[in-house]
>>> print(open('final.cif').read())   # mmCIF, C-alpha atoms
data_work
loop_
_atom_site.label_atom_id
_atom_site.label_comp_id
_atom_site.auth_asym_id
_atom_site.auth_seq_id
_atom_site.Cartn_x
_atom_site.Cartn_y
_atom_site.Cartn_z
CA MET A 1443 32.05 176.34 140.79
CA LYS A 1444 35.79 175.84 140.25
CA HIS A 1445 37.60 173.03 138.44
CA HIS A 1446 40.63 170.94 139.39
CA HIS A 1447 42.46 169.09 136.60
CA ILE A 1448 44.04 165.66 137.02
CA GLY A 1449 45.46 164.92 133.60
CA GLN A 1450 42.38 164.78 131.35
CA THR A 1451 40.02 164.43 134.30
CA VAL A 1452 38.18 167.61 135.33
CA VAL A 1453 36.86 167.66 138.90
CA PRO A 1454 34.36 170.46 139.68
CA TYR A 1455 34.37 171.66 143.29
CA GLU A 1456 32.88 174.24 145.61
CA ILE A 1457 34.71 176.12 148.35
CA ASN A 1458 33.21 176.65 151.79
CA TRP A 1459 35.18 179.40 153.54
CA SER A 1460 35.16 179.25 157.33
CA THR A 1461 36.55 181.37 160.14
CA ASP A 1462 36.61 178.25 162.34
CA ARG A 1463 38.99 176.18 160.22
CA GLU A 1464 42.76 176.12 160.39
CA THR A 1465 43.40 173.54 157.66
CA ILE A 1466 42.00 172.71 154.23
CA GLY A 1467 39.69 169.69 154.13
CA LEU A 1468 38.08 167.75 151.27
CA SER A 1469 34.80 165.86 151.24
CA LEU A 1470 32.79 163.97 148.63
CA ASP A 1471 29.08 163.38 149.14
CA GLU A 1472 27.18 160.39 147.73
CA SER A 1473 26.65 162.20 144.43
CA LEU A 1474 30.47 162.60 144.19
CA GLN A 1475 30.19 166.38 144.54
CA LEU A 1476 33.54 167.66 145.87
CA THR A 1477 33.51 170.32 148.58
CA VAL A 1478 36.64 172.07 149.85
CA SER A 1479 36.44 173.52 153.36
CA ALA A 1480 39.09 176.21 153.79
CA PRO A 1481 40.13 178.82 156.35
CA MET A 1482 39.55 182.43 155.35
CA GLU A 1483 43.29 183.11 154.94
CA ALA A 1484 43.82 180.27 152.45
CA THR A 1485 44.51 181.23 148.84
CA THR A 1486 43.38 179.57 145.65
CA ALA A 1487 46.96 178.38 145.18
CA ASP A 1488 46.86 176.76 148.64
CA ILE A 1489 43.66 174.93 147.72
CA GLU A 1490 45.03 173.74 144.39
CA GLU A 1491 48.18 172.49 146.11
CA THR A 1492 46.08 170.50 148.58
CA LEU A 1493 43.99 169.07 145.76
CA SER A 1494 47.11 168.05 143.85
CA GLU A 1495 48.44 166.28 146.92
CA ARG A 1496 45.18 164.33 147.09
CA ASN A 1497 44.94 163.43 143.38
CA GLU A 1498 45.27 159.71 144.02
CA TRP A 1499 42.57 159.82 146.68
CA LEU A 1500 40.26 161.78 144.39
CA LEU A 1501 40.65 159.39 141.47
CA ASP A 1502 40.15 156.41 143.77
CA LYS A 1503 36.93 157.90 145.11
CA LEU A 1504 35.63 158.95 141.70
CA TYR A 1505 36.28 155.77 139.76
CA HIS A 1506 36.77 152.80 142.04
CA LEU A 1507 35.32 152.82 145.52
CA ASP A 1508 31.86 153.85 144.40
CA GLU A 1509 31.59 150.77 142.18
CA GLN A 1510 31.71 148.59 145.30
CA LYS A 1511 28.52 150.00 146.77
CA GLY A 1512 25.46 147.84 146.65
CA PRO A 1513 22.06 148.82 145.26
CA PRO A 1514 19.87 151.26 147.19
CA TYR A 1515 17.63 149.90 149.94
CA ASP A 1516 13.92 149.40 149.33
CA ARG A 1517 12.15 152.64 150.11
CA GLU A 1518 8.94 152.91 152.08
CA PHE A 1519 8.76 156.71 151.62
CA LEU A 1520 8.62 157.52 155.32
CA SER A 1521 9.77 160.57 157.23
CA GLY A 1522 13.53 160.55 157.65
CA GLU A 1523 14.29 159.02 154.26
CA LYS A 1524 15.99 161.16 151.63
CA LEU A 1525 15.29 161.83 147.97
CA ARG A 1526 17.83 162.86 145.36
CA TYR A 1527 17.43 165.97 143.28
CA ARG A 1528 20.06 167.45 140.95
CA GLY A 1529 22.88 165.51 142.57
CA ARG A 1530 22.05 166.20 146.20
CA GLN A 1531 19.91 164.47 148.81
CA TYR A 1532 17.09 166.21 150.65
CA PRO A 1533 15.07 164.95 153.65
CA LEU A 1534 11.56 163.61 153.17
CA THR A 1535 8.71 164.41 155.55
CA LEU A 1536 5.43 162.47 155.50
CA THR A 1537 2.20 164.26 156.45
CA ALA A 1538 -1.32 162.85 156.70
CA GLY A 1539 -4.59 164.50 155.74
CA ASP A 1540 -7.73 164.22 153.63
CA VAL A 1541 -6.10 163.86 150.22
CA PRO A 1542 -7.43 161.45 147.58
CA GLU A 1543 -3.99 160.57 146.24
CA PRO A 1544 -0.44 160.96 147.60
CA THR A 1545 1.21 164.17 146.39
CA LEU A 1546 4.83 165.32 146.61
CA SER A 1547 6.07 168.89 146.98
CA PHE A 1548 9.51 170.48 147.38
CA ASP A 1549 10.47 173.83 148.94
CA ASP A 1550 14.18 173.81 147.98
CA GLN A 1551 15.06 172.50 151.44
CA GLU A 1552 13.01 169.33 151.90
CA PHE A 1553 10.41 167.12 150.25
CA THR A 1554 6.93 166.74 151.72
CA LEU A 1555 4.78 163.74 150.82
CA ARG A 1556 1.10 164.11 151.69
CA VAL A 1557 -0.93 160.92 152.10
CA HIS A 1558 -4.40 160.01 153.32
CA ARG A 1559 -4.54 159.72 157.09
CA PHE A 1560 -5.84 156.13 156.89
CA ASP A 1561 -3.01 154.87 154.66
CA ALA A 1562 -0.94 152.17 156.33
CA PRO A 1563 2.67 153.46 156.22
CA SER A 1564 4.38 150.25 155.10
CA ASP A 1565 1.51 148.54 153.29
CA LYS A 1566 2.65 147.40 149.83
CA VAL A 1567 -0.22 149.17 148.06
CA SER A 1568 0.46 152.35 150.02
CA VAL A 1569 4.17 152.20 149.15
CA ARG A 1570 3.38 151.77 145.45
CA ARG A 1571 1.02 154.75 145.54
CA LYS A 1572 3.59 156.89 147.29
CA ARG A 1573 6.31 155.86 144.86
CA GLN A 1574 4.08 156.74 141.90
CA ALA A 1575 3.48 160.19 143.39
CA VAL A 1576 7.23 160.69 143.72
CA VAL A 1577 7.88 159.55 140.14
CA ASP A 1578 5.07 161.80 138.84
CA TRP A 1579 6.70 164.79 140.57
CA TYR A 1580 10.09 164.00 139.06
CA ILE A 1581 8.65 163.63 135.56
CA GLN A 1582 6.75 166.91 135.78
CA ARG A 1583 9.73 168.78 137.23
CA ALA A 1584 12.15 167.25 134.73
CA LYS A 1585 9.87 168.21 131.85
CA GLY A 1586 10.14 171.92 132.72
CA GLU A 1587 13.83 171.92 133.57
CA PHE A 1588 14.98 169.81 130.63
CA GLU A 1589 12.85 171.76 128.14
CA GLN A 1590 14.49 174.97 129.31
CA ARG A 1591 18.00 173.52 129.15
CA CYS A 1592 17.40 172.02 125.70
CA ALA A 1593 16.15 175.41 124.48
CA GLU A 1594 19.33 177.04 125.79
CA LEU A 1595 21.61 174.48 124.14
CA ALA A 1596 19.74 173.85 120.88
CA PRO A 1597 21.06 176.99 119.08
CA LYS A 1598 24.59 175.57 119.32
CA PHE A 1599 23.41 172.79 117.02
CA GLY A 1600 21.17 174.82 114.73
CA VAL A 1601 18.07 172.98 115.94
CA ASP A 1602 14.68 174.72 115.70
CA ASP A 1603 11.23 173.64 116.89
CA LEU A 1604 12.68 171.11 119.33
CA SER A 1605 10.25 168.72 121.01
CA VAL A 1606 11.24 167.35 124.42
CA THR A 1607 9.61 164.30 125.99
CA VAL A 1608 10.47 163.11 129.51
CA ARG A 1609 9.58 159.55 130.50
CA ASP A 1610 11.05 156.28 131.71
CA LEU A 1611 13.51 154.94 129.12
CA PRO A 1612 14.63 151.46 130.20
CA GLY A 1613 18.28 150.95 129.35
CA ARG A 1614 18.71 154.44 127.90
CA TRP A 1615 19.30 157.95 129.20
CA GLY A 1616 18.20 159.73 126.06
CA GLU A 1617 17.31 159.50 122.41
CA TYR A 1618 17.14 161.89 119.45
CA ASP A 1619 15.14 161.60 116.23
CA ASP A 1620 14.54 164.42 113.75
CA GLY A 1621 14.00 167.26 116.20
CA ASP A 1622 12.50 165.10 118.94
CA VAL A 1623 14.48 164.54 122.15
CA TRP A 1624 13.51 161.89 124.69
CA LEU A 1625 15.13 162.10 128.12
CA ASN A 1626 14.98 159.72 131.07
CA TRP A 1627 13.35 161.40 134.07
CA ARG A 1628 15.93 159.75 136.34
CA LEU A 1629 18.49 162.26 135.07
CA LEU A 1630 16.87 164.78 137.42
CA LEU A 1631 18.44 162.82 140.28
CA ALA A 1632 21.94 163.34 138.86
CA PRO A 1633 24.13 166.44 139.13
CA VAL A 1634 23.22 169.08 136.55
CA ARG A 1635 26.50 168.58 134.71
CA ILE A 1636 25.49 164.95 134.07
CA SER A 1637 22.04 165.76 132.65
CA ASP A 1638 23.69 168.49 130.58
CA TYR A 1639 26.06 165.91 129.12
CA VAL A 1640 23.16 163.66 128.09
CA ILE A 1641 21.28 166.59 126.54
CA VAL A 1642 24.37 167.66 124.58
CA HIS A 1643 24.93 164.04 123.54
CA GLU A 1644 21.43 163.75 122.12
CA LEU A 1645 21.47 167.17 120.44
CA THR A 1646 24.74 166.27 118.75
CA HIS A 1647 22.83 163.50 117.00
CA SER A 1648 21.03 166.24 115.08
CA THR A 1649 24.17 166.53 112.93
CA HIS A 1650 25.89 163.16 113.52
CA SER A 1651 23.81 159.98 113.36
CA ASP A 1652 26.47 157.63 114.70
CA HIS A 1653 29.10 157.76 117.44
CA SER A 1654 31.96 158.59 115.11
CA GLU A 1655 35.10 160.52 115.98
CA GLU A 1656 33.43 163.60 114.52
CA PHE A 1657 30.46 163.03 116.82
CA TRP A 1658 32.60 162.95 119.96
CA ASN A 1659 34.60 165.97 118.77
CA ALA A 1660 31.32 167.86 118.46
CA VAL A 1661 30.26 166.77 121.96
CA GLY A 1662 33.65 167.80 123.32
CA ALA A 1663 33.35 171.24 121.74
CA VAL A 1664 30.41 171.94 124.08
CA VAL A 1665 31.33 169.66 127.01
CA PRO A 1666 35.14 169.34 127.11
CA ASP A 1667 35.09 166.86 130.02
CA TYR A 1668 32.39 164.65 128.52
CA GLU A 1669 34.48 161.50 129.12
CA ASP A 1670 34.46 162.12 132.87
CA ARG A 1671 30.73 162.83 132.88
CA ARG A 1672 30.06 159.72 130.82
CA GLU A 1673 32.17 157.67 133.24
CA TRP A 1674 30.30 159.12 136.22
CA LEU A 1675 27.04 158.03 134.64
CA ARG A 1676 28.39 154.56 133.91
CA ILE A 1677 29.40 154.08 137.54
CA ASN A 1678 26.49 155.79 139.26
CA GLY A 1679 23.63 155.36 136.83
CA ARG A 1680 22.19 152.32 138.64
CA ARG A 1681 21.83 154.41 141.80
CA LEU A 1682 19.64 157.04 140.11
CA SER A 1683 16.38 155.49 141.21
CA VAL A 1684 13.55 155.89 143.69
#
>>> encode(input="final.cif", output="structure tokens")
Amino acid sequence: MKHHHIGQTVVPYEINWSTDRETIGLSLDESLQLTVSAPMEATTADIEETLSERNEWLLDKLYHLDEQKGPPYDREFLSGEKLRYRGRQYPLTLTAGDVPEPTLSFDDQEFTLRVHRFDAPSDKVSVRRKRQAVVDWYIQRAKGEFEQRCAELAPKFGVDDLSVTVRDLPGRWGEYDDGDVWLNWRLLLAPVRISDYVIVHELTHSTHSDHSEEFWNAVGAVVPDYEDRREWLRINGRRLSV
């Protein structure tokens, strides 16, 4: 992962090298992940020059156009839909069998939702059951991933015996209280750099109770571009849902 700087804004990006390209192209997916497609003969300097020429476009995409998008459509959890995970979208496949409850699995390429063969695909009760299975998977997955990340970051704050709870937190992304961290499971839908920001934010409360200048300086010492990550969450947070 490389980083392009536009003033104080840091834009992470990945490079896809291709023997079939003759020019450098930029693309932003729905999670605002920037990908640069470049010919094999292009240099890092060539890529940075192209990015600099597109600074206005990048800022417009990152901070303005996305605010105009409406809320996500109502899901029915059918084959062909997509589910977010760590900032990217993966296809969902529905399979039927003799299962007592819907269950969700993920193989790093696609999600598979198993339902009972007699479930009506678009029945309201069936949709609620499927949604609950999806949410249960996210909570369980987030519990493991966020516990590991908190354990990796906690030493920076001198925190021992950290307890991590993952659940739905209406109106909040996280909370910290005397060694206990609560994190919203919906953060698993966001890019890793966003969930990292929230974790750092909450761990910083172990030494700073309020959002003082010292607090934000401490956050910035670990996440220098925290303002950009916080702004991303402000703009896109409402879309982190299933």
>>> residues_near_point(input="final.cif", point="(10.8, 152.1, 151.1)", cutoff="9 Å", atoms="all atoms listed in the file", output="VMD selection string")
chain A and resid 1515 to 1520 1523 1564 1569 1573 1684
>>> closest_residue(input="final.cif", among="A:Arg1570, A:His1447, A:Arg1676, A:His1647", to="A:Arg1496", atoms="all atoms listed in the file")
A:His1447
>>> atom_distance(input="final.cif", atom1="atom CA of A:Val1606", atom2="atom CA of A:Asp1578")
16.6 Å
>>> residues_near_point(input="final.cif", point="(2.5, 164.3, 145.3)", cutoff="10 Å", atoms="all atoms listed in the file", output="VMD selection string")
chain A and resid 1541 1543 to 1548 1553 to 1557 1571 to 1580
>>> closest_atom_pairs(input="final.cif", of="stretch 1530-1586 of chain A", to="stretch 1629-1639 of chain A", cutoff="9 Å", atoms="all atoms listed in the file", output="JSON lines")
{"residue": "A:Arg1530", "atom": "CA", "partner": "A:Pro1633", "partner_atom": "CA", "distance": 7.4}
{"residue": "A:Gln1531", "atom": "CA", "partner": "A:Leu1631", "partner_atom": "CA", "distance": 8.8}
{"residue": "A:Tyr1580", "atom": "CA", "partner": "A:Leu1630", "partner_atom": "CA", "distance": 7.0}
{"residue": "A:Ile1581", "atom": "CA", "partner": "A:Leu1630", "partner_atom": "CA", "distance": 8.5}
{"residue": "A:Arg1583", "atom": "CA", "partner": "A:Leu1630", "partner_atom": "CA", "distance": 8.2}
{"residue": "A:Ala1584", "atom": "CA", "partner": "A:Leu1630", "partner_atom": "CA", "distance": 6.0}
